[in-house]
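*Asks:* Data file coords-v8.txt (compact mmCIF, C-alpha atoms) is appended below.
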# COMPACT_ATOMS: atom_id res chain seq x y z
CA MET D 12 -36.16 -39.44 -40.08
CA THR D 13 -38.53 -39.07 -42.97
CA GLN D 14 -37.71 -37.45 -46.27
CA SER D 15 -37.18 -33.68 -46.48
CA PHE D 16 -38.49 -31.41 -49.19
CA PRO D 17 -37.21 -28.07 -50.49
CA VAL D 18 -39.23 -24.96 -49.63
CA THR D 19 -38.87 -21.28 -50.44
CA ILE D 20 -40.42 -19.08 -47.80
CA THR D 21 -40.27 -15.29 -47.61
CA VAL D 22 -39.88 -14.12 -44.03
CA ASN D 23 -39.80 -10.40 -43.24
CA GLU D 24 -39.24 -9.70 -46.93
CA LYS D 25 -36.21 -11.97 -47.13
CA GLU D 26 -36.34 -15.18 -49.13
CA TYR D 27 -35.15 -18.38 -47.42
CA LYS D 28 -34.56 -21.74 -49.12
CA ARG D 29 -34.45 -24.75 -46.83
CA GLU D 30 -35.19 -28.47 -46.76
CA VAL D 31 -37.90 -29.43 -44.32
CA GLU D 32 -39.47 -32.58 -43.00
CA PRO D 33 -43.27 -32.35 -43.56
CA ARG D 34 -44.04 -32.59 -39.84
CA LEU D 35 -41.92 -29.55 -38.93
CA LEU D 36 -44.22 -26.84 -37.57
CA LEU D 37 -43.83 -23.34 -38.98
CA SER D 38 -43.16 -22.05 -35.45
CA ASP D 39 -40.21 -24.45 -35.10
CA PHE D 40 -39.00 -23.61 -38.60
CA LEU D 41 -38.87 -19.90 -37.73
CA ARG D 42 -37.12 -20.49 -34.42
CA HIS D 43 -34.80 -23.40 -35.13
CA GLU D 44 -34.07 -23.13 -38.84
CA LEU D 45 -34.00 -19.36 -39.20
CA GLY D 46 -33.07 -18.39 -35.64
CA LEU D 47 -35.99 -15.98 -35.45
CA THR D 48 -36.75 -16.64 -31.79
CA GLY D 49 -39.05 -13.64 -31.43
CA THR D 50 -41.93 -15.94 -32.30
CA HIS D 51 -42.67 -17.65 -28.99
CA VAL D 52 -44.13 -21.09 -28.46
CA GLY D 53 -46.55 -21.59 -25.59
CA CYS D 54 -49.17 -24.29 -25.82
CA GLU D 55 -48.61 -25.71 -29.31
CA HIS D 56 -52.31 -26.30 -29.79
CA GLY D 57 -53.60 -22.91 -30.80
CA VAL D 58 -54.95 -21.70 -27.48
CA CYS D 59 -52.36 -19.26 -26.09
CA GLY D 60 -51.60 -17.13 -29.17
CA ALA D 61 -47.89 -16.65 -28.34
CA CYS D 62 -46.82 -17.96 -31.76
CA THR D 63 -49.09 -15.67 -33.82
CA ILE D 64 -47.47 -14.45 -37.04
CA LEU D 65 -48.71 -12.90 -40.28
CA PHE D 66 -49.23 -15.32 -43.15
CA ASP D 67 -49.77 -13.37 -46.38
CA GLY D 68 -50.74 -10.43 -44.15
CA GLU D 69 -53.28 -12.29 -41.97
CA SER D 70 -52.69 -13.32 -38.38
CA ILE D 71 -52.48 -17.08 -37.85
CA ARG D 72 -51.03 -19.51 -35.31
CA SER D 73 -47.63 -20.66 -36.52
CA CYS D 74 -47.94 -23.80 -34.35
CA LEU D 75 -51.00 -24.96 -36.31
CA ILE D 76 -49.43 -25.05 -39.74
CA PHE D 77 -46.54 -27.06 -41.10
CA ALA D 78 -43.58 -25.17 -42.53
CA ILE D 79 -43.98 -27.05 -45.79
CA GLN D 80 -47.40 -25.41 -46.19
CA ALA D 81 -45.75 -21.99 -46.16
CA ASP D 82 -43.83 -22.82 -49.34
CA GLY D 83 -44.23 -19.84 -51.66
CA HIS D 84 -45.92 -17.67 -49.02
CA ALA D 85 -44.90 -14.49 -47.23
CA ILE D 86 -44.50 -14.49 -43.47
CA THR D 87 -44.05 -11.55 -41.13
CA THR D 88 -42.76 -12.17 -37.62
CA VAL D 89 -42.24 -9.72 -34.78
CA GLU D 90 -38.66 -9.21 -36.03
CA GLY D 91 -40.17 -7.65 -39.15
CA LEU D 92 -41.88 -4.79 -37.32
CA ALA D 93 -39.00 -2.47 -36.37
CA LYS D 94 -36.19 -1.28 -38.59
CA ASP D 95 -33.80 -1.44 -35.61
CA LYS D 96 -33.99 -1.08 -31.85
CA ASP D 97 -34.00 2.70 -32.03
CA ASN D 98 -36.85 2.80 -34.52
CA LEU D 99 -39.61 0.72 -33.03
CA HIS D 100 -42.92 0.26 -34.81
CA PRO D 101 -45.52 2.66 -33.29
CA LEU D 102 -47.30 -0.38 -31.84
CA GLN D 103 -44.11 -1.56 -30.12
CA GLN D 104 -43.36 1.99 -28.96
CA SER D 105 -46.86 2.17 -27.44
CA PHE D 106 -46.34 -1.09 -25.54
CA TRP D 107 -43.11 0.40 -24.18
CA GLU D 108 -44.72 3.68 -23.16
CA ALA D 109 -47.95 2.24 -21.73
CA HIS D 110 -46.19 -0.63 -19.88
CA GLY D 111 -48.06 -3.16 -22.01
CA LEU D 112 -45.78 -6.01 -20.99
CA GLN D 113 -44.23 -7.55 -17.92
CA CYS D 114 -42.46 -10.83 -18.65
CA GLY D 115 -42.98 -10.27 -22.38
CA TYR D 116 -43.59 -13.87 -23.33
CA CYS D 117 -47.01 -13.20 -24.87
CA THR D 118 -46.02 -9.84 -26.41
CA PRO D 119 -44.84 -10.92 -29.89
CA GLY D 120 -48.08 -12.83 -30.45
CA ILE D 121 -50.14 -9.91 -29.24
CA LEU D 122 -48.29 -7.47 -31.50
CA MET D 123 -48.80 -9.72 -34.51
CA SER D 124 -52.52 -10.02 -33.70
CA MET D 125 -52.92 -6.27 -33.26
CA ILE D 126 -51.20 -5.27 -36.54
CA PRO D 127 -54.01 -6.55 -38.81
CA PHE D 128 -56.63 -5.62 -36.20
CA LEU D 129 -55.58 -1.95 -36.19
CA LYS D 130 -55.40 -1.96 -39.96
CA GLN D 131 -59.04 -3.11 -40.09
CA ASN D 132 -60.16 -1.00 -37.12
CA PRO D 133 -58.03 2.17 -37.01
CA ASP D 134 -60.23 3.68 -34.32
CA PRO D 135 -61.27 0.79 -32.06
CA THR D 136 -63.38 0.97 -28.91
CA GLU D 137 -62.12 -0.65 -25.71
CA ASP D 138 -64.63 -3.49 -26.17
CA GLU D 139 -63.36 -4.16 -29.68
CA ILE D 140 -59.76 -4.17 -28.43
CA ARG D 141 -60.61 -6.61 -25.65
CA HIS D 142 -62.44 -8.87 -28.08
CA ALA D 143 -59.48 -8.74 -30.49
CA LEU D 144 -57.15 -9.70 -27.62
CA SER D 145 -59.28 -12.68 -26.61
CA GLY D 146 -57.12 -15.07 -28.63
CA ASN D 147 -53.93 -14.13 -26.79
CA LEU D 148 -53.28 -15.18 -23.21
CA CYS D 149 -51.25 -12.99 -20.86
CA ARG D 150 -50.64 -14.22 -17.32
CA CYS D 151 -48.87 -11.12 -15.95
CA THR D 152 -50.57 -7.87 -16.78
CA GLY D 153 -54.26 -8.39 -16.20
CA TYR D 154 -54.60 -6.95 -19.72
CA GLN D 155 -55.36 -3.36 -18.65
CA HIS D 156 -52.02 -1.96 -19.76
CA ILE D 157 -52.17 -3.99 -22.96
CA VAL D 158 -55.52 -2.40 -23.76
CA ASP D 159 -54.02 1.02 -22.96
CA ALA D 160 -51.06 0.30 -25.24
CA VAL D 161 -53.30 -0.69 -28.14
CA LYS D 162 -55.37 2.47 -27.65
CA LEU D 163 -52.19 4.55 -27.64
CA ALA D 164 -50.97 2.78 -30.78
CA ALA D 165 -54.26 3.55 -32.54
CA GLU D 166 -53.71 7.25 -31.69
CA LYS D 167 -50.11 7.19 -32.89
CA MET D 168 -50.94 5.38 -36.13
CA LYS D 169 -53.72 7.76 -37.17
CA MET O 16 -45.87 -32.02 -28.57
CA LYS O 17 -44.66 -32.73 -32.10
CA SER O 18 -46.57 -34.63 -34.70
CA ALA O 19 -45.54 -38.14 -35.68
CA PRO O 20 -44.02 -38.44 -39.16
CA PHE O 21 -46.40 -38.64 -42.10
CA GLU O 22 -46.31 -38.79 -45.88
CA TYR O 23 -47.27 -35.40 -47.33
CA HIS O 24 -49.10 -34.72 -50.60
CA VAL O 25 -50.16 -31.35 -51.88
CA PRO O 26 -52.24 -31.77 -55.02
CA ASP O 27 -52.78 -28.82 -57.39
CA SER O 28 -56.21 -29.95 -58.50
CA LEU O 29 -59.27 -31.59 -57.01
CA GLU O 30 -58.90 -34.35 -59.55
CA GLN O 31 -55.44 -35.22 -58.20
CA ALA O 32 -56.71 -35.02 -54.62
CA LEU O 33 -59.56 -37.43 -55.37
CA GLU O 34 -57.19 -39.78 -57.16
CA LEU O 35 -54.93 -39.83 -54.09
CA LYS O 36 -57.88 -40.34 -51.74
CA SER O 37 -59.12 -43.25 -53.82
CA GLN O 38 -55.66 -44.88 -53.74
CA LYS O 39 -54.91 -44.27 -50.06
CA GLY O 40 -58.42 -44.45 -48.56
CA ASP O 41 -58.72 -44.24 -44.78
CA ASP O 42 -54.95 -43.97 -44.27
CA ALA O 43 -55.04 -40.51 -45.83
CA ARG O 44 -56.52 -37.54 -44.00
CA PRO O 45 -57.35 -34.42 -46.00
CA LEU O 46 -55.72 -31.36 -44.41
CA ALA O 47 -57.98 -28.32 -44.73
CA GLY O 48 -57.39 -25.40 -42.33
CA GLY O 49 -55.75 -27.76 -39.85
CA GLN O 50 -57.05 -25.87 -36.82
CA SER O 51 -58.37 -29.06 -35.20
CA LEU O 52 -56.28 -31.69 -37.00
CA VAL O 53 -52.85 -30.13 -36.38
CA PRO O 54 -53.30 -29.70 -32.60
CA ALA O 55 -54.61 -33.29 -32.44
CA MET O 56 -51.48 -34.37 -34.34
CA ASN O 57 -49.22 -32.28 -32.08
CA PHE O 58 -50.75 -34.12 -29.11
CA ARG O 59 -50.51 -37.39 -31.04
CA ILE O 60 -54.19 -38.02 -30.41
CA VAL O 61 -54.25 -38.79 -34.12
CA GLN O 62 -51.36 -40.02 -36.22
CA PRO O 63 -52.45 -40.11 -39.85
CA SER O 64 -49.86 -41.84 -41.98
CA ILE O 65 -50.69 -39.68 -45.02
CA LEU O 66 -51.88 -36.09 -45.31
CA ILE O 67 -53.49 -34.70 -48.45
CA ASP O 68 -53.13 -30.93 -48.15
CA LEU O 69 -56.10 -29.25 -49.86
CA ASN O 70 -54.81 -25.71 -49.45
CA ARG O 71 -53.77 -25.32 -53.08
CA LEU O 72 -57.25 -26.17 -54.31
CA THR O 73 -58.34 -22.58 -54.92
CA GLU O 74 -61.22 -24.04 -56.92
CA LEU O 75 -62.79 -24.98 -53.54
CA SER O 76 -62.58 -21.57 -51.88
CA PHE O 77 -65.54 -19.80 -53.52
CA ILE O 78 -68.63 -18.22 -51.97
CA ARG O 79 -71.32 -17.34 -54.53
CA GLU O 80 -75.04 -16.80 -54.88
CA GLU O 81 -76.98 -19.06 -57.19
CA GLY O 82 -80.75 -18.77 -57.42
CA GLN O 83 -82.11 -18.76 -53.89
CA THR O 84 -79.01 -20.39 -52.42
CA ILE O 85 -75.44 -19.61 -51.49
CA ARG O 86 -72.85 -22.11 -52.61
CA ILE O 87 -69.73 -22.31 -50.50
CA GLY O 88 -66.59 -24.22 -51.43
CA ALA O 89 -65.35 -26.56 -48.70
CA MET O 90 -62.05 -24.64 -48.47
CA ALA O 91 -63.68 -21.23 -47.89
CA ARG O 92 -62.11 -19.81 -44.72
CA GLU O 93 -64.32 -19.05 -41.74
CA ARG O 94 -63.04 -15.49 -41.83
CA HIS O 95 -64.44 -15.12 -45.35
CA LEU O 96 -67.86 -16.38 -44.26
CA GLU O 97 -67.81 -13.80 -41.49
CA PHE O 98 -67.36 -10.84 -43.85
CA ASP O 99 -69.21 -12.04 -46.96
CA ALA O 100 -71.87 -9.54 -48.03
CA SER O 101 -74.26 -12.01 -49.67
CA ILE O 102 -74.16 -14.31 -46.63
CA ALA O 103 -74.87 -11.29 -44.40
CA LYS O 104 -77.84 -10.37 -46.58
CA HIS O 105 -79.41 -13.78 -47.14
CA ILE O 106 -78.18 -16.00 -44.29
CA PRO O 107 -77.67 -13.57 -41.41
CA LEU O 108 -77.66 -16.41 -38.86
CA LEU O 109 -74.38 -17.63 -40.35
CA THR O 110 -72.85 -14.14 -40.19
CA GLU O 111 -73.91 -13.72 -36.60
CA ALA O 112 -72.64 -17.13 -35.47
CA THR O 113 -69.26 -17.17 -37.22
CA PRO O 114 -67.46 -14.84 -34.76
CA PHE O 115 -68.25 -17.40 -32.03
CA ILE O 116 -65.87 -19.84 -33.75
CA ALA O 117 -62.60 -19.65 -31.79
CA HIS O 118 -60.54 -16.50 -32.50
CA PRO O 119 -59.81 -14.38 -35.59
CA GLN O 120 -56.37 -16.01 -35.90
CA ILE O 121 -58.06 -19.43 -36.08
CA ARG O 122 -60.84 -18.27 -38.43
CA ASN O 123 -58.23 -16.86 -40.82
CA ARG O 124 -57.10 -20.41 -41.44
CA GLY O 125 -60.04 -22.65 -40.48
CA THR O 126 -62.41 -23.72 -43.25
CA ILE O 127 -66.12 -24.48 -43.37
CA GLY O 128 -65.50 -27.90 -44.90
CA GLY O 129 -62.85 -28.81 -42.33
CA SER O 130 -65.06 -27.97 -39.40
CA VAL O 131 -68.08 -29.76 -40.84
CA VAL O 132 -66.15 -32.95 -41.62
CA ASN O 133 -64.44 -32.85 -38.22
CA ALA O 134 -68.00 -33.17 -36.80
CA ASP O 135 -67.09 -31.98 -33.33
CA PRO O 136 -70.34 -31.88 -31.30
CA ALA O 137 -69.08 -28.70 -29.61
CA ALA O 138 -68.40 -26.87 -32.89
CA GLU O 139 -70.63 -24.16 -34.31
CA LEU O 140 -70.65 -24.99 -38.03
CA PRO O 141 -72.22 -28.48 -37.83
CA VAL O 142 -75.06 -26.96 -35.77
CA LEU O 143 -75.49 -24.21 -38.35
CA MET O 144 -75.58 -26.76 -41.18
CA LEU O 145 -78.58 -28.43 -39.53
CA ALA O 146 -80.29 -25.19 -38.57
CA LEU O 147 -79.96 -23.82 -42.11
CA ASN O 148 -80.93 -26.99 -44.02
CA ALA O 149 -77.57 -27.14 -45.76
CA ARG O 150 -76.79 -29.76 -48.38
CA LEU O 151 -73.29 -31.13 -48.62
CA LYS O 152 -71.59 -32.39 -51.76
CA ALA O 153 -69.17 -35.30 -51.47
CA LYS O 154 -67.01 -36.34 -54.38
CA ASN O 155 -64.91 -39.33 -55.33
CA VAL O 156 -63.13 -40.25 -58.55
CA SER O 157 -66.23 -41.72 -60.11
CA GLY O 158 -68.84 -39.16 -59.19
CA GLU O 159 -70.55 -37.00 -56.62
CA ARG O 160 -73.51 -37.10 -54.26
CA TRP O 161 -75.45 -34.57 -52.23
CA VAL O 162 -76.22 -35.32 -48.59
CA ASP O 163 -78.70 -33.40 -46.44
CA ALA O 164 -77.14 -32.04 -43.25
CA PRO O 165 -79.16 -34.27 -40.85
CA ASP O 166 -77.95 -37.36 -42.74
CA PHE O 167 -74.34 -36.19 -42.90
CA PHE O 168 -73.40 -36.45 -39.23
CA ALA O 169 -73.05 -40.00 -37.94
CA GLY O 170 -71.98 -39.47 -34.33
CA MET O 171 -69.09 -37.94 -32.49
CA PHE O 172 -66.35 -36.84 -34.92
CA THR O 173 -67.95 -39.08 -37.54
CA THR O 174 -69.68 -38.41 -40.85
CA VAL O 175 -71.09 -40.56 -43.63
CA LEU O 176 -68.19 -39.76 -45.96
CA GLU O 177 -66.72 -42.88 -47.53
CA PRO O 178 -62.94 -43.48 -47.36
CA ASP O 179 -62.55 -42.37 -50.99
CA GLU O 180 -64.71 -39.24 -50.69
CA ILE O 181 -63.86 -35.58 -50.05
CA LEU O 182 -66.39 -32.94 -49.06
CA VAL O 183 -66.18 -30.30 -51.79
CA GLU O 184 -69.12 -27.94 -51.42
CA ILE O 185 -71.92 -26.78 -49.16
CA LYS O 186 -75.16 -25.30 -50.43
CA ILE O 187 -77.33 -23.26 -48.08
CA PRO O 188 -80.78 -21.93 -49.05
CA PHE O 189 -81.54 -18.26 -48.33
CA MET O 190 -83.38 -17.86 -45.05
CA SER O 191 -87.09 -17.51 -45.83
CA PRO O 192 -88.85 -14.15 -45.55
CA ARG O 193 -90.36 -13.23 -42.15
CA THR O 194 -87.65 -15.28 -40.44
CA GLY O 195 -85.89 -14.17 -37.30
CA TRP O 196 -82.68 -15.74 -36.02
CA SER O 197 -80.52 -15.97 -32.96
CA PHE O 198 -77.26 -17.64 -32.01
CA MET O 199 -76.25 -17.78 -28.37
CA GLU O 200 -73.69 -19.70 -26.37
CA VAL O 201 -72.06 -19.72 -22.96
CA ALA O 202 -68.28 -20.20 -22.90
CA PRO O 203 -65.77 -19.80 -20.06
CA ARG O 204 -63.96 -17.17 -22.16
CA ALA O 205 -64.65 -15.64 -25.57
CA GLY O 206 -63.43 -18.07 -28.21
CA ASP O 207 -63.31 -21.13 -25.96
CA TYR O 208 -65.41 -24.19 -26.64
CA ALA O 209 -68.90 -23.37 -25.42
CA LEU O 210 -70.46 -25.25 -22.52
CA MET O 211 -73.77 -24.99 -24.35
CA GLY O 212 -75.03 -23.15 -27.40
CA VAL O 213 -78.12 -22.86 -29.55
CA ALA O 214 -79.07 -21.69 -33.03
CA ALA O 215 -82.71 -20.61 -33.23
CA LEU O 216 -84.85 -19.71 -36.22
CA VAL O 217 -88.47 -18.54 -36.14
CA THR O 218 -90.50 -18.01 -39.32
CA LEU O 219 -93.82 -16.18 -38.87
CA ASP O 220 -96.84 -16.34 -41.16
CA GLU O 221 -98.57 -13.18 -42.39
CA ASN O 222 -100.65 -13.04 -39.21
CA GLY O 223 -97.62 -13.17 -36.97
CA LYS O 224 -98.09 -16.80 -35.92
CA CYS O 225 -95.13 -19.15 -35.87
CA GLN O 226 -95.10 -21.00 -39.16
CA GLN O 227 -91.91 -22.88 -38.43
CA ALA O 228 -89.21 -22.93 -35.77
CA LYS O 229 -85.84 -24.58 -35.48
CA LEU O 230 -83.67 -25.17 -32.42
CA VAL O 231 -80.27 -26.84 -32.80
CA TYR O 232 -77.80 -27.25 -29.93
CA LEU O 233 -74.05 -27.66 -29.65
CA ASN O 234 -72.18 -29.62 -27.00
CA ALA O 235 -75.51 -31.26 -26.21
CA GLY O 236 -74.98 -34.84 -27.37
CA ASP O 237 -72.89 -36.84 -29.82
CA GLY O 238 -73.53 -34.42 -32.68
CA PRO O 239 -75.51 -31.29 -33.47
CA MET O 240 -78.81 -31.83 -31.59
CA ASP O 241 -81.99 -30.82 -33.43
CA ALA O 242 -84.83 -30.35 -30.88
CA LYS O 243 -87.67 -31.21 -33.23
CA GLN O 244 -90.38 -31.71 -30.61
CA ALA O 245 -89.72 -28.35 -29.01
CA ALA O 246 -89.83 -26.68 -32.42
CA LYS O 247 -93.05 -28.48 -33.25
CA ILE O 248 -95.04 -27.23 -30.27
CA LEU O 249 -94.34 -23.67 -31.44
CA GLN O 250 -95.67 -24.33 -34.92
CA GLY O 251 -99.00 -22.67 -35.77
CA GLU O 252 -99.03 -20.74 -32.51
CA LYS O 253 -98.69 -17.13 -31.55
CA LEU O 254 -95.51 -17.24 -29.45
CA ASN O 255 -95.82 -16.16 -25.83
CA ASP O 256 -93.82 -16.62 -22.66
CA SER O 257 -95.51 -19.78 -21.50
CA LEU O 258 -95.16 -21.48 -24.89
CA ILE O 259 -91.50 -20.48 -25.05
CA GLU O 260 -91.04 -21.83 -21.52
CA SER O 261 -92.57 -25.18 -22.55
CA ALA O 262 -90.29 -25.41 -25.59
CA ALA O 263 -87.26 -24.62 -23.42
CA VAL O 264 -88.21 -27.33 -20.91
CA LEU O 265 -88.92 -29.89 -23.60
CA ALA O 266 -85.64 -29.23 -25.45
CA SER O 267 -83.41 -29.00 -22.39
CA GLU O 268 -84.95 -31.89 -20.41
CA GLN O 269 -86.04 -34.36 -23.08
CA GLU O 270 -84.34 -33.79 -26.37
CA ILE O 271 -80.71 -33.01 -25.72
CA THR O 272 -78.29 -35.48 -24.12
CA PRO O 273 -75.33 -33.49 -22.77
CA PHE O 274 -72.53 -35.53 -21.17
CA GLY O 275 -71.09 -32.97 -18.78
CA ASN O 276 -67.38 -32.21 -18.65
CA MET O 277 -64.79 -30.74 -16.30
CA HIS O 278 -66.31 -27.26 -16.71
CA ALA O 279 -70.00 -28.08 -16.41
CA SER O 280 -72.12 -30.96 -15.17
CA ALA O 281 -74.77 -32.35 -17.50
CA GLU O 282 -77.37 -30.82 -15.21
CA PHE O 283 -75.80 -27.37 -15.52
CA GLN O 284 -75.62 -27.81 -19.30
CA ARG O 285 -79.36 -28.54 -19.33
CA HIS O 286 -79.95 -25.44 -17.23
CA LEU O 287 -77.94 -23.37 -19.71
CA ALA O 288 -79.88 -24.88 -22.62
CA ASN O 289 -83.14 -23.91 -20.95
CA VAL O 290 -82.10 -20.29 -20.42
CA LEU O 291 -80.45 -19.94 -23.83
CA THR O 292 -83.51 -21.40 -25.58
CA LYS O 293 -85.78 -18.79 -24.02
CA ASN O 294 -83.44 -15.90 -24.79
CA ALA O 295 -82.73 -17.09 -28.32
CA LEU O 296 -86.39 -17.69 -29.16
CA LYS O 297 -87.30 -14.23 -27.90
CA GLN O 298 -84.60 -12.59 -29.97
CA ALA O 299 -85.50 -14.63 -33.06
CA MET O 300 -89.19 -13.81 -32.62
CA GLN O 301 -88.45 -10.11 -32.24
CA ARG O 302 -86.34 -10.09 -35.39
CA ALA O 303 -89.03 -11.99 -37.30
CA GLU O 304 -91.59 -9.41 -36.21
CA GLU O 305 -89.31 -6.62 -37.45
CA ASN O 306 -89.11 -8.43 -40.80
CA LEU O 307 -92.92 -8.63 -40.86
CA GLN O 308 -93.35 -4.87 -40.77
Rewrite the coordinates I just gave you, this time as structure tokens.
*Replies:*
Amino acid sequence: MTQSFPVTITVNEKEYKREVEPRLLLSDFLRHELGLTGTHVGCEHGVCGACTILFDGESIRSCLIFAIQADGHAITTVEGLAKDKDNLHPLQQSFWEAHGLQCGYCTPGILMSMIPFLKQNPDPTEDEIRHALSGNLCRCTGYQHIVDAVKLAAEKMK
Amino acid sequence: MKSAPFEYHVPDSLEQALELKSQKGDDARPLAGGQSLVPAMNFRIVQPSILIDLNRLTELSFIREEGQTIRIGAMARERHLEFDASIAKHIPLLTEATPFIAHPQIRNRGTIGGSVVNADPAAELPVLMLALNARLKAKNVSGERWVDAPDFFAGMFTTVLEPDEILVEIKIPFMSPRTGWSFMEVAPRAGDYALMGVAALVTLDENGKCQQAKLVYLNAGDGPMDAKQAAKILQGEKLNDSLIESAAVLASEQEITPFGNMHASAEFQRHLANVLTKNALKQAMQRAEENLQ
């Protein structure tokens, strides 16, 4: 066990103080230290996109950054999207309505990739949506319903 | 799938970072965006004993015009290159090629300096450094030196940086007038490592003849591969299909040395290089002609 260092990380607008070993990945910090298991871990080398979170508002892979590097930064995870289960974020609601998920493993990463994407492109074409989804692997849906859900979300969020 | 333990340093200034690098030398790896280093550490392909995290060095994250060049700090994120207005205006090849680098989530974190120093033969930025005649500034505690892009890469995942040096800045000249550009690659899926890729530049003279051409390939050898002979046969000529065909054959058969991998044999990579060369040269030529008018 190597030495641990104190960090202060804001996650979903709540400040957390913890001691972390430098090699602890941010994805593991969120899941194991904070119990925020909505952030999923797939490949742990940046390919699958399941662990995508917002880091100071921009989507990044939480498996490709150490928790210690998030010291002083603001993180948003999928848990930060909805106020409660009856008040889903319009993007989540759209995934529900358009059947944008099957097993759901990839969904948190996709949602966290689409939040900044829809902010930058409020009225995206299907091609743009598909390109924006290229960094997130889904093995169930064949993507069509995910694309539909993102289109629906763009409508709702107008 | 977890990294081995390491000693972690996060300097607040370049001076501190250089001091650390001079003390720790080869044992210490600078951590830039971490989009190649961290997965390699997760796999334990590499186990650096010390990391020097450069992410607090905001002094290295600039992009600014100076004279006829754009100066880019080594810690500028790839996503910032992609949307920078002066790069789009003066170095459009870089703007066009940047979205080919992995995915937005990776480009949000990945840096130009990190990718260049990683010197992956399959990466886009080393190829672009050669194509665009970039100069790279390395620093150590006692001074700095500028290295031309062709002299910077020393083989697969290797550069000429000394153990006490850190890459701090990249300077790219504006693309010359009457220059057309193209960047093309073939990848199994968008954002994957490309099986083959090429950056092409064509500069025309006032009469529409090719004054200078440049063809640099990725995943085509042990570093970015500059097909100088192919570029040379285009020089001074009015470009036509048969000349472009000859350049494509020369580059793909003689000048590149692809190894083949599980997705593509070396022969198929050469075939892709041939086709991409022709398409890229045609697009670059067309754009140069538009600039001529």
*Asks:* With only C-alpha atoms as the counted atoms, please give the residues lying no more than 9 Å from region 43-55 of chain O, apart from itself and same-chain residues fewer than 3 positions off, as number ranges by chain.
*Replies:* D: 55-57, 72, 74-77; O: 16, 18, 22, 32, 35-36, 39-40, 58-70, 89-90, 92, 121-130, 133, 178, 181
*Asks:* Determine, for each residue of chain D having at least one atom at most 9 Å from an atom of chain O, the closest pair of atoms and their separation in Å to one decimal, counting all atoms listed in the file; order by chain and ascending number, as a Markdown table.
*Replies:*
| residue | atom | partner | partner_atom | distance |
| --- | --- | --- | --- | --- |
| D:Met12 | CA | O:Pro20 | CA | 8.0 |
| D:Thr13 | CA | O:Pro20 | CA | 6.7 |
| D:Gln14 | CA | O:Glu22 | CA | 8.7 |
| D:Glu32 | CA | O:Pro20 | CA | 8.4 |
| D:Pro33 | CA | O:Tyr23 | CA | 6.3 |
| D:Arg34 | CA | O:Pro20 | CA | 5.9 |
| D:Leu35 | CA | O:Lys17 | CA | 8.0 |
| D:Leu36 | CA | O:Lys17 | CA | 8.1 |
| D:Cys54 | CA | O:Met16 | CA | 8.8 |
| D:Glu55 | CA | O:Met16 | CA | 6.9 |
| D:His56 | CA | O:Pro54 | CA | 4.5 |
| D:Gly57 | CA | O:Pro54 | CA | 7.0 |
| D:Val58 | CA | O:Asp207 | CA | 8.5 |
| D:Gly60 | CA | O:Gln120 | CA | 8.3 |
| D:Thr63 | CA | O:Gln120 | CA | 7.6 |
| D:Glu69 | CA | O:Asn123 | CA | 6.8 |
| D:Ser70 | CA | O:Gln120 | CA | 5.2 |
| D:Ile71 | CA | O:Gln120 | CA | 4.5 |
| D:Arg72 | CA | O:Gln120 | CA | 6.4 |
| D:Cys74 | CA | O:Pro54 | CA | 8.2 |
| D:Leu75 | CA | O:Val53 | CA | 5.5 |
| D:Ile76 | CA | O:Gly49 | CA | 6.9 |
| D:Phe77 | CA | O:Val53 | CA | 8.5 |
| D:Gln80 | CA | O:Asn70 | CA | 8.1 |
| D:Ser124 | CA | O:Gln120 | CA | 7.5 |
| D:His142 | CA | O:Ala205 | CA | 7.6 |
| D:Ala143 | CA | O:Pro119 | CA | 7.6 |
| D:Ser145 | CA | O:Ala205 | CA | 6.2 |
| D:Gly146 | CA | O:His118 | CA | 5.4 |
*Asks:* In Å, with one decimal, what is the gap from CA of Asp241 (chain O) to CA of Ile78 (chain O)?
*Replies:*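 Atom-to-atom, CA of Asp241 (chain O) to CA of Ile78 (chain O), that is 26.1 Å.
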*Asks:* Need the shell around Glu108 (chain D): protein/DNA/RNA residues with any atom at most 9 Å away, counting only C-alpha atoms. Skip same-chain ones fewer than 3 positions apart. Format as an MDAnalysis selection string?
*Replies:* chainID D and resid 103:105 111 160 163
*Asks:* Leu176 (chain O): which residues within 10 Å, counting all atoms listed in the file, same-chain residues fewer than 3 positions away excluded, as a ChimeraX atom specification?
*Replies:* /O:132,152-155,162,167-169,173,179-182
*Asks:* Could you give me, as a list in words, the residues that have an atom at most 10 Å away from the point (-94.9, -17.9, -43.9) in the coordinates of the file, using only C-alpha atoms?
*Replies:*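 Here is the list of nearby residues: Ser191, Pro192, Arg193, Thr194, Thr218, Leu219, Asp220, Glu221, Asn222, Gly223, Lys224, Cys225, Gln226, Gln227 and Leu307 of chain O.
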*Asks:* Mind dumping the selected residues with C-alpha atoms as a compact mmCIF listing (two decimals), in the coordinates of the input?
*Replies:*
# COMPACT_ATOMS: atom_id res chain seq x y z
CA SER O 191 -87.09 -17.51 -45.83
CA PRO O 192 -88.85 -14.15 -45.55
CA ARG O 193 -90.36 -13.23 -42.15
CA THR O 194 -87.65 -15.28 -40.44
CA THR O 218 -90.50 -18.01 -39.32
CA LEU O 219 -93.82 -16.18 -38.87
CA ASP O 220 -96.84 -16.34 -41.16
CA GLU O 221 -98.57 -13.18 -42.39
CA ASN O 222 -100.65 -13.04 -39.21
CA GLY O 223 -97.62 -13.17 -36.97
CA LYS O 224 -98.09 -16.80 -35.92
CA CYS O 225 -95.13 -19.15 -35.87
CA GLN O 226 -95.10 -21.00 -39.16
CA GLN O 227 -91.91 -22.88 -38.43
CA LEU O 307 -92.92 -8.63 -40.86
